[in-house]
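Shown next, in structure tokens, is the structure this report addresses.
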Amino acid sequence: MSPEQLYSNLEEASTFIKGKLSIPDTAITLGSGLGLFVDSLKNKKTISYNDIPHFHQTTVAGHAGSLVVGEIQGKSVLVFQGRIHAYEGHSFEEVVFPTRLLKTLGVKNLILTNASGGINSKYKAGDLILIEDHLNLTGANPLHGKNPERLGTRFPDMTNAWNFDLQEVVKKAAKKIAYDLKKGVYVGVLGPSYETPAEIRMYRGLGGDMVGMSTVAEAIAAHHCGLKVAGISCITNMAAGIHQGELDHSDIKDQANQVSATFVNLVKETVLLL
Ligand code: HPA
């Protein structure tokens with residue numbers, strides 16, 4: 001898509017949403033099974049992805065498809081309840097459209113959340129991990145193609161892509177709820193097949209702590225356009241070869257649901273500190 005077409009699509013979607021909602025400073029993208037966060041919000045207003053111009057509906061079980069604005073103790077947040085993934089057949093440009101839309105709407109901070117497989121042997125299923133960095137092993141980059149200069153520079157520096165200040169805020173939030181928050185490097189892959197044990201050994205050798213099929217493209221596009229990004233990953237299972245037995249998406253959703261209460265508290269406290 002040409003940059004001009006992208007700007008025009010973003011404007012159209014943004015005008016539609018601004019006509020229905022007032023836009024807060026902070027947005028959260030909810031990963032597989034973490035959608036229950038929305039239940040804890042007050043004074044909610046919801047728009048279905050189907051109704052937003054240029055948005056795609058997600059096809060993944062465990063991912064609703066709605067944009068919600070609601071309040072945590074009077075503080076407003078925007079929530080993407082469900083995301084689209086490249087493995088569903090979407091281009092990375094499509095995957096990051098909602099992220100870029102946040103910038104067009106005037107959002108400042110983005111908290112990305114996801115479900116992932118634990119590679120680091122210090123993790124266990126059910127842990128929430130602060131994403132301190134990533135390895136983009138999806139085989140692609142959402143900034144591929146003509147650069148939309150109005151959004152950001154051609155060659156963005158990635159040193160602070162996982163914003164240092166926001167990481168401190170999430171750590172502070174964890175302290176507040178007495179949660180022992182570990183941190184780690186998220187390996188982003190295309191999926192949808194889970195990894196082989198040999199791949200997991202390779203990712204561990206490369207410095208990866210957890211692996212998942214989302215988030216990395218969104219983080220790149222968000223940093224490119226100047227959003228501050230933080231990430232919280234829910235270890236829903238230990239990765240292939242570390243985990244004994246076979247991986248199943250429904251188990252992963254169940255595990256994410258089980259840590260929902262802690263997850264909700266951690267994200268709530270983070271939002272309140274922003
Ligand atoms: N691998 C990739 N993505 C995942 C996993 C996994 O083990 N668990 C949850 N999302």
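Residues in the structure tokens are numbered from 1 in each chain, the chains being A, B, ... in the order shown, and ligands are numbered from 1 in the order shown.
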Just asking: which residues within segment 83-213 of chain A are strand (DSSP E or B) according to DSSP, as a PyMOL selection string?
-> chain A and resi 109-118+128-136+162+182-188+210-212
Contacts of Gly226 of chain A at 12 Å or less, counting only C-alpha atoms, minus same-chain residues fewer than 6 places along, as a PyMOL selection string?
-> chain A and resi 99-100+102-104+106-110+150-153+156-158+160-163+219-220
Per residue of segment 12-118 of chain A within 12 Å of segment 125-131 of chain A, what are the shortest atom pair and its distance in Å to one decimal, counting only C-alpha atoms, with rows by chain and residue number, as a Markdown table?
| residue | atom | partner | partner_atom | distance |
| --- | --- | --- | --- | --- |
| A:Leu34 | CA | A:Leu128 | CA | 11.6 |
| A:Ile111 | CA | A:Ile131 | CA | 10.4 |
| A:Leu112 | CA | A:Ile131 | CA | 9.2 |
| A:Thr113 | CA | A:Ile131 | CA | 9.2 |
| A:Asn114 | CA | A:Leu128 | CA | 9.8 |
| A:Ala115 | CA | A:Leu128 | CA | 9.3 |
| A:Ser116 | CA | A:Ala125 | CA | 9.4 |
| A:Gly117 | CA | A:Ala125 | CA | 8.2 |
| A:Gly118 | CA | A:Ala125 | CA | 7.3 |
Mind listing the residues within 10 Å of ligand 1, only C-alpha atoms and all ligand atoms counted, as a PyMOL selection string?
-> chain A and resi 31-32+114-119+125+187-196+200+210-214+233-243+246-249+251-253+255-256
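Pairwise distance (atom CA of Glu269 of chain A, atom CA of Val170 of chain A) equals 8.1 Å.
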What's the 9 Å shell around segment 75-90 of chain A, counting only C-alpha atoms, without same-chain residues fewer than 4 positions away, as JSON, numbers by chain?
-> {"A": [23, 24, 25, 26, 27, 28, 29, 30, 31, 32, 34, 35, 36, 37, 38, 41, 56, 57, 58, 59, 60, 62, 63, 64, 65, 66, 67, 68, 69, 70, 71, 94, 95, 96, 98, 107, 190, 191, 192, 213, 214, 215, 271, 272]}
